[in-house]
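**Q** Structure file entry.txt (compact mmCIF, C-alpha atoms) right here:
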```txt
# COMPACT_ATOMS: atom_id res chain seq x y z
CA MET A 1 52.73 133.20 124.41
CA ILE A 2 52.88 133.21 120.60
CA ALA A 3 56.60 133.99 120.66
CA ASP A 4 57.19 131.22 123.20
CA GLY A 5 55.35 128.77 120.96
CA ARG A 6 57.48 129.68 117.95
CA ARG A 7 60.67 129.24 119.94
CA GLN A 8 59.45 125.83 121.11
CA ARG A 9 58.72 124.75 117.53
CA ARG A 10 62.18 125.87 116.39
CA ARG A 11 63.79 123.87 119.21
CA THR A 12 61.75 120.80 118.20
CA LEU A 13 62.86 121.07 114.58
CA ARG A 14 66.51 121.43 115.57
CA ARG A 15 66.28 118.27 117.65
CA ALA A 16 64.56 116.36 114.82
CA ILE A 17 67.23 116.95 112.21
CA PRO A 18 70.01 114.78 113.78
CA LEU A 19 67.52 111.91 114.17
CA ALA A 20 66.73 112.09 110.47
CA LEU A 21 70.43 112.13 109.66
CA LEU A 22 70.93 108.92 111.63
CA ALA A 23 67.96 107.20 110.06
CA GLY A 24 68.50 108.29 106.50
CA GLY A 25 72.23 108.81 106.09
CA ALA A 26 71.99 112.33 104.61
CA LEU A 27 69.57 115.21 104.80
CA ALA A 28 69.15 118.21 102.52
CA ALA A 29 66.01 120.00 103.62
CA ALA A 30 65.49 123.30 105.35
CA CYS A 31 63.40 123.47 108.52
CA THR A 32 60.77 125.48 106.69
CA ASP A 33 60.51 122.95 103.83
CA ILE A 34 60.22 119.64 105.67
CA PRO A 35 58.04 117.34 103.49
CA THR A 36 55.01 115.71 105.07
CA SER A 37 53.76 113.46 102.27
CA PRO A 38 54.59 109.74 102.72
CA ASP A 39 55.73 109.63 99.08
CA GLU A 40 57.99 112.68 99.29
CA PRO A 41 61.74 112.07 99.89
CA PHE A 42 63.13 113.37 103.15
CA SER A 43 66.53 111.64 103.43
CA ILE A 44 68.86 109.28 101.57
CA GLU A 45 70.86 106.32 102.85
CA PHE A 46 73.82 105.55 100.58
CA ARG A 47 76.21 103.36 102.52
CA GLY A 48 78.70 100.97 101.07
CA LEU A 49 79.42 99.84 97.53
CA PRO A 50 79.31 96.30 96.13
CA PHE A 51 83.12 96.35 95.89
CA PRO A 52 85.77 98.93 96.84
CA ALA A 53 87.41 98.89 93.40
CA VAL A 54 86.35 98.88 89.77
CA VAL A 55 88.61 97.68 86.96
CA LEU A 56 89.54 100.29 84.37
CA GLY A 57 87.16 100.05 81.40
CA ASP A 58 84.82 97.65 83.20
CA THR A 59 81.69 98.13 85.30
CA LEU A 60 81.60 97.81 89.07
CA ARG A 61 81.15 94.19 90.17
CA ASP A 62 80.61 92.35 93.43
CA ALA A 63 83.14 89.85 94.82
CA SER A 64 81.66 87.03 92.73
CA GLY A 65 82.24 88.95 89.51
CA THR A 66 78.60 89.85 88.85
CA ALA A 67 77.98 93.35 87.51
CA ALA A 68 76.31 95.26 90.36
CA ARG A 69 74.07 98.32 90.25
CA LEU A 70 74.48 101.26 92.58
CA THR A 71 71.67 101.30 95.14
CA ALA A 72 70.44 103.66 97.82
CA THR A 73 67.40 103.88 100.09
CA VAL A 74 65.18 106.94 100.22
CA TYR A 75 63.05 107.65 103.30
CA ASN A 76 60.04 109.85 103.95
CA VAL A 77 59.76 112.10 106.99
CA ASN A 78 58.52 109.17 109.09
CA GLY A 79 61.64 107.09 108.36
CA THR A 80 59.76 104.71 106.05
CA PRO A 81 61.50 103.65 102.80
CA ILE A 82 59.89 105.02 99.64
CA SER A 83 59.22 102.52 96.88
CA ASP A 84 60.88 103.15 93.50
CA PRO A 85 62.08 106.74 94.06
CA PRO A 86 63.54 108.70 91.09
CA LEU A 87 67.16 108.14 92.16
CA ALA A 88 70.16 109.37 90.25
CA PHE A 89 73.86 108.77 90.93
CA ILE A 90 76.35 111.54 90.34
CA VAL A 91 80.12 111.26 89.75
CA PRO A 92 81.94 114.60 89.56
CA GLY A 93 85.00 114.60 87.34
CA ARG A 94 86.12 112.04 84.77
CA GLY A 95 87.22 109.08 86.87
CA ALA A 96 84.03 107.10 86.29
CA THR A 97 80.68 107.23 84.54
CA VAL A 98 77.27 106.06 85.71
CA LEU A 99 75.63 104.14 82.86
CA ASP A 100 71.95 103.36 82.30
CA GLY A 101 70.56 101.09 84.97
CA GLY A 102 72.85 102.44 87.68
CA TYR A 103 76.01 100.62 86.58
CA LEU A 104 79.29 102.44 87.24
CA ARG A 105 82.17 102.21 84.75
CA GLY A 106 85.79 102.96 85.62
CA ASP A 107 87.19 105.49 83.14
CA SER A 108 90.54 106.62 84.54
CA ILE A 109 92.81 105.83 87.47
CA THR A 110 92.88 108.60 90.06
CA GLN A 111 95.10 108.73 93.11
CA ARG A 112 92.35 109.61 95.59
CA GLY A 113 89.55 107.51 94.18
CA VAL A 114 86.21 108.54 92.73
CA ALA A 115 83.42 110.11 94.79
CA VAL A 116 79.91 108.84 94.06
CA TYR A 117 76.73 110.60 95.28
CA ALA A 118 73.09 109.52 95.33
CA ARG A 119 70.54 112.23 94.53
CA VAL A 120 66.75 112.50 94.51
CA ASN A 121 64.50 115.57 94.24
CA GLY A 122 67.25 117.96 95.30
CA LEU A 123 68.48 115.78 98.17
CA GLN A 124 72.07 114.57 97.93
CA SER A 125 73.80 111.92 100.01
CA LEU A 126 77.23 111.90 101.51
CA PRO A 127 79.77 110.40 99.07
CA GLU A 128 80.99 106.85 98.77
CA THR A 129 84.46 106.32 97.27
CA VAL A 130 85.39 103.74 94.65
CA HIS A 131 88.92 103.22 93.34
CA VAL A 132 89.66 102.56 89.68
CA VAL A 133 92.39 99.92 89.34
CA PRO A 134 94.26 98.64 86.26
CA GLY A 135 93.08 95.02 86.54
CA VAL A 136 92.40 92.03 88.77
CA PRO A 137 95.22 90.31 90.69
CA ASP A 138 96.90 87.13 89.47
CA THR A 139 99.43 86.70 92.29
CA LEU A 140 99.20 86.52 96.09
CA ILE A 141 102.63 86.48 97.73
CA ARG A 142 103.45 85.69 101.35
CA VAL A 143 105.85 88.44 102.38
CA ALA A 144 106.42 87.67 106.07
CA ASP A 145 105.73 84.74 108.41
CA ALA A 146 105.70 84.96 112.19
CA THR A 147 105.90 82.90 115.38
CA LEU A 148 103.74 83.85 118.34
CA GLU A 149 105.54 83.56 121.66
CA LEU A 150 103.16 83.50 124.62
CA ILE A 151 103.68 84.84 128.10
CA HIS A 152 101.81 82.61 130.56
CA ASP A 153 103.91 82.58 133.70
CA PRO A 154 103.52 83.88 136.32
CA LEU A 155 100.50 86.00 135.26
CA PRO A 156 98.64 85.06 132.06
CA GLN A 157 98.22 87.98 129.69
CA PRO A 158 97.46 88.44 125.98
CA ASP A 159 100.30 88.62 123.49
CA THR A 160 100.41 89.50 119.79
CA SER A 161 102.42 88.05 116.91
CA ALA A 162 104.48 89.96 114.40
CA ALA A 163 102.62 90.95 111.24
CA LEU A 164 101.67 88.29 108.71
CA ARG A 165 102.05 90.18 105.46
CA VAL A 166 100.92 89.37 101.94
CA ARG A 167 101.17 91.21 98.64
CA VAL A 168 98.39 91.29 96.05
CA ALA A 169 99.84 91.83 92.58
CA ARG A 170 99.34 91.40 88.87
CA ALA A 171 101.75 90.72 86.03
CA ASP A 172 103.50 93.80 84.66
CA THR A 173 106.39 93.42 82.23
CA ALA A 174 107.40 97.05 82.78
CA SER A 175 108.25 96.55 86.46
CA ALA A 176 111.56 95.27 87.79
CA ASP A 177 110.18 92.01 89.20
CA GLY A 178 107.44 91.55 86.61
CA LEU A 179 104.70 92.41 89.10
CA THR A 180 102.77 95.49 90.20
CA GLY A 181 101.05 95.67 93.55
CA LEU A 182 97.31 96.25 93.34
CA GLU A 183 96.05 99.07 95.58
CA HIS A 184 92.64 99.23 97.34
CA TRP A 185 91.94 95.52 96.80
CA PRO A 186 90.10 93.57 99.53
CA VAL A 187 91.76 90.70 101.38
CA TYR A 188 89.98 88.33 103.77
CA PHE A 189 91.37 86.43 106.76
CA THR A 190 90.20 83.21 108.44
CA LEU A 191 91.69 81.76 111.63
CA VAL A 192 91.60 78.02 112.39
CA ALA A 193 92.52 76.50 115.77
CA HIS A 194 91.98 72.91 116.94
CA GLY A 195 90.73 72.27 113.39
CA ASP A 196 87.80 74.68 113.85
CA THR A 197 87.23 78.09 112.30
CA ILE A 198 87.28 80.77 114.99
CA ALA A 199 84.28 83.08 114.89
CA PRO A 200 85.27 86.68 113.98
CA ARG A 201 84.40 88.13 117.39
CA ASP A 202 85.52 85.20 119.53
CA THR A 203 88.41 86.54 121.63
CA SER A 204 88.29 83.86 124.30
CA LEU A 205 91.52 82.13 123.28
CA VAL A 206 93.10 83.23 120.00
CA TRP A 207 91.94 85.71 117.34
CA LEU A 208 93.05 88.00 114.51
CA VAL A 209 93.69 91.73 114.86
CA GLN A 210 94.62 94.52 112.49
CA ALA A 211 98.31 95.01 111.91
CA SER A 212 98.28 98.56 113.26
CA SER A 213 95.92 98.08 116.22
CA LEU A 214 94.30 95.50 118.48
CA THR A 215 90.95 95.74 116.68
CA PRO A 216 89.62 92.29 115.65
CA ALA A 217 90.07 91.80 111.90
CA THR A 218 88.45 89.63 109.27
CA ALA A 219 89.30 91.76 106.21
CA ASP A 220 91.37 94.70 105.03
CA THR A 221 92.35 96.44 101.80
CA THR A 222 95.80 96.68 100.26
CA ASP A 223 98.00 99.77 100.52
CA ALA A 224 99.72 101.64 97.69
CA THR A 225 102.24 98.81 97.21
CA GLY A 226 99.64 96.04 97.24
CA ASN A 227 100.58 94.93 100.76
CA VAL A 228 98.26 94.08 103.63
CA ALA A 229 98.93 92.47 106.99
CA VAL A 230 97.20 90.87 109.96
CA ARG A 231 98.38 89.71 113.39
CA VAL A 232 97.45 86.81 115.66
CA ARG A 233 96.58 87.67 119.25
CA ALA A 234 96.20 85.09 122.02
CA ASN A 235 95.28 85.05 125.65
CA GLY A 236 97.98 83.94 128.04
CA PHE A 237 97.67 80.17 128.20
CA ALA A 238 100.01 77.20 128.43
CA PRO A 239 100.19 75.26 125.14
CA ASP A 240 100.78 71.99 126.98
CA ILE A 241 97.60 72.50 129.04
CA ASP A 242 95.33 73.88 126.33
CA GLY A 243 96.58 71.40 123.75
CA LEU A 244 97.18 74.14 121.19
CA ASP A 245 100.64 74.38 119.69
CA SER A 246 99.75 76.07 116.39
CA VAL A 247 97.03 77.93 114.50
CA VAL A 248 96.46 78.44 110.78
CA VAL A 249 95.62 81.75 109.11
CA TYR A 250 94.03 81.51 105.66
CA VAL A 251 94.29 84.56 103.42
CA SER A 252 92.22 85.01 100.27
CA THR A 253 91.53 87.75 97.75
CA PRO A 254 88.79 87.76 95.10
CA ARG A 255 89.41 87.87 91.37
CA LEU A 256 85.85 88.84 90.41
CA ASN A 257 85.01 86.32 87.68
CA ALA A 258 87.83 83.87 88.50
CA VAL A 259 88.81 81.56 91.36
CA PRO A 260 90.04 83.56 94.39
CA LEU A 261 93.74 83.58 95.21
CA THR A 262 94.54 81.96 98.56
CA THR A 263 97.50 81.26 100.80
CA ARG A 264 98.00 80.17 104.41
CA PHE A 265 100.24 80.81 107.38
CA THR A 266 100.94 78.27 110.11
CA ILE A 267 101.73 80.03 113.38
CA ARG A 268 103.63 78.05 116.01
CA LEU A 269 102.70 78.85 119.59
CA ARG A 270 105.37 78.58 122.22
CA ALA A 271 106.10 79.92 125.66
CA ARG A 272 108.40 82.89 125.74
CA SER A 273 111.55 82.11 127.70
```
Here is a file; write its structure as structure tokens.
**A**
Amino acid sequence: MIADGRRQRRRTLRRAIPLALLAGGALAAACTDIPTSPDEPFSIEFRGLPFPAVVLGDTLRDASGTAARLTATVYNVNGTPISDPPLAFIVPGRGATVLDGGYLRGDSITQRGVAVYARVNGLQSLPETVHVVPGVPDTLIRVADATLELIHDPLPQPDTSAALRVRVARADTASADGLTGLEHWPVYFTLVAHGDTIAPRDTSLVWLVQASSLTPATADTTDATGNVAVRVRANGFAPDIDGLDSVVVYVSTPRLNAVPLTTRFTIRLRARS
């Protein structure tokens, strides 16, 4: 009976660990050392950074340009957040430094980005990645326009436009065209039809999808050349019946402490012959 009881307790502990992982984001405690005090850390949730990139020599900022601290949530064994835990943030290597107050400074540009960990009382989170970039963009270029041809006869079905592509760049006298594409920079998309902004998850008539899939898209980050793209997808409908012959896609990218860069695409809708 005693042996059966021990086996049952071990099975219970094994089942409890994945639940703690889901609730807290990361777990670093052995089954025999599970804390029971409400003030003792059991797991850490470190998900998402204020911005995916930090400018070389500057501190990490949010999209508005305000310097932003690194934050994480620490939970006790009951899944309750602990107030004011002794958190620390760790950055292996030399790509960035965590300053007093939890501010992260970009020190050197690395190809794969900089891993950042949250740590408290021996517990360590999974990493978040921030990319150190040479500066903020000053140019947003429309690379490719597109026309969406709809199939609506005889059987209505969705159709997708070619990619609407933009390039986020900054002035660089050393490059051939005077510009250098900015990698890992966020870009946001807004779709307007009938003069109204289409909600991000509204796929009833026309919506935006990622360039490489049919997943609805409202934002993306630039590739190694500073390019990013989005597509327009529409249900099979007749423009003359629905009264919709075009939609507008607005594209914007933040500049931290300056006015965002914006551009727009007008997509003509027409029946495919």
**Q** Please identify all polymer residues within 7 Å of Val143 of chain A, counting all atoms listed in the file, omitting same-chain residues fewer than 5 positions from it, and present them as a list of chain:residue names.
**A**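 The residues satisfying every condition are A:Arg165, A:Val166, A:Arg167.
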**Q** So that I can check the surroundings of Gln210 of chain A, please list as a ChimeraX atom specification every protein, DNA and RNA residue that reaches within 12 Å of it, counting all atoms listed in the file and ignoring chain neighbours fewer than 3 positions away.
**A** /A:160-165,188-189,207,213-221,228-233
**Q** For C-alpha atoms, I'd like the residues from the last selection saved as a short mmCIF file (atom, residue, chain, number, x, y, z; two decimals), in the coordinates of the input.
**A**
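Ended up saving to selection.cif:
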```cif
data_model
loop_
_atom_site.label_atom_id
_atom_site.label_comp_id
_atom_site.auth_asym_id
_atom_site.auth_seq_id
_atom_site.Cartn_x
_atom_site.Cartn_y
_atom_site.Cartn_z
CA THR A 160 100.41 89.50 119.79
CA SER A 161 102.42 88.05 116.91
CA ALA A 162 104.48 89.96 114.40
CA ALA A 163 102.62 90.95 111.24
CA LEU A 164 101.67 88.29 108.71
CA ARG A 165 102.05 90.18 105.46
CA TYR A 188 89.98 88.33 103.77
CA PHE A 189 91.37 86.43 106.76
CA TRP A 207 91.94 85.71 117.34
CA SER A 213 95.92 98.08 116.22
CA LEU A 214 94.30 95.50 118.48
CA THR A 215 90.95 95.74 116.68
CA PRO A 216 89.62 92.29 115.65
CA ALA A 217 90.07 91.80 111.90
CA THR A 218 88.45 89.63 109.27
CA ALA A 219 89.30 91.76 106.21
CA ASP A 220 91.37 94.70 105.03
CA THR A 221 92.35 96.44 101.80
CA VAL A 228 98.26 94.08 103.63
CA ALA A 229 98.93 92.47 106.99
CA VAL A 230 97.20 90.87 109.96
CA ARG A 231 98.38 89.71 113.39
CA VAL A 232 97.45 86.81 115.66
CA ARG A 233 96.58 87.67 119.25
#
```
**Q** Would you list the contacts of Pro52 of chain A as a PyMOL selection string, taking every protein, DNA or RNA residue within 10 Å and counting only C-alpha atoms, but skipping same-chain residues closer than 6 positions in sequence?
**A** chain A and resi 60-63+113+128-132+184-186+221
**Q** Pick from A:Leu99, A:Ala115, A:Leu126, A:Ala224: nearest to Ala169 of chain A, with all atoms listed in the file counted?
**A** A:Ala224
**Q** My list of candidates is A:Thr253, A:Thr59, A:Ser83, A:Thr225. Which is closest to Thr190 of chain A when distances are computed with all atoms listed in the file?
**A**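 Ranked by minimum distance to Thr190 of chain A, first place goes to A:Thr253.
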**Q** Taking into account only C-alpha atoms, which residue in the set A:Ala67, A:Val249, A:Ala193, A:Leu182 is nearest to Asp223 of chain A?
**A**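 Closest to Asp223 of chain A of all the choices is A:Leu182.
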**Q** Quick one: residues within 10 Å of Arg47 of chain A, all atoms listed in the file, excluding same-chain residues fewer than 6 positions away - as a PyMOL selection string?
**A** chain A and resi 24-25+71-73+118+125-128
**Q** Could you work out how far atom CA of Glu183 of chain A lies from atom CA of Arg112 of chain A, giving the answer in Å with one decimal?
**A**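 Atom-to-atom, atom CA of Arg112 of chain A and atom CA of Glu183 of chain A are spaced 11.2 Å apart.
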**Q** Which one is closest to Gly79 of chain A: A:Asp100, A:Asp107, A:Asp196, A:Glu45? Count all atoms listed in the file.
**A**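 The answer is A:Glu45, which sits nearest to Gly79 of chain A.
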**Q** For the atom pair atom CA of Asp58 of chain A and atom CA of Leu123 of chain A, what is the interatomic distance in Å to one decimal place?
**A** 28.6 Å
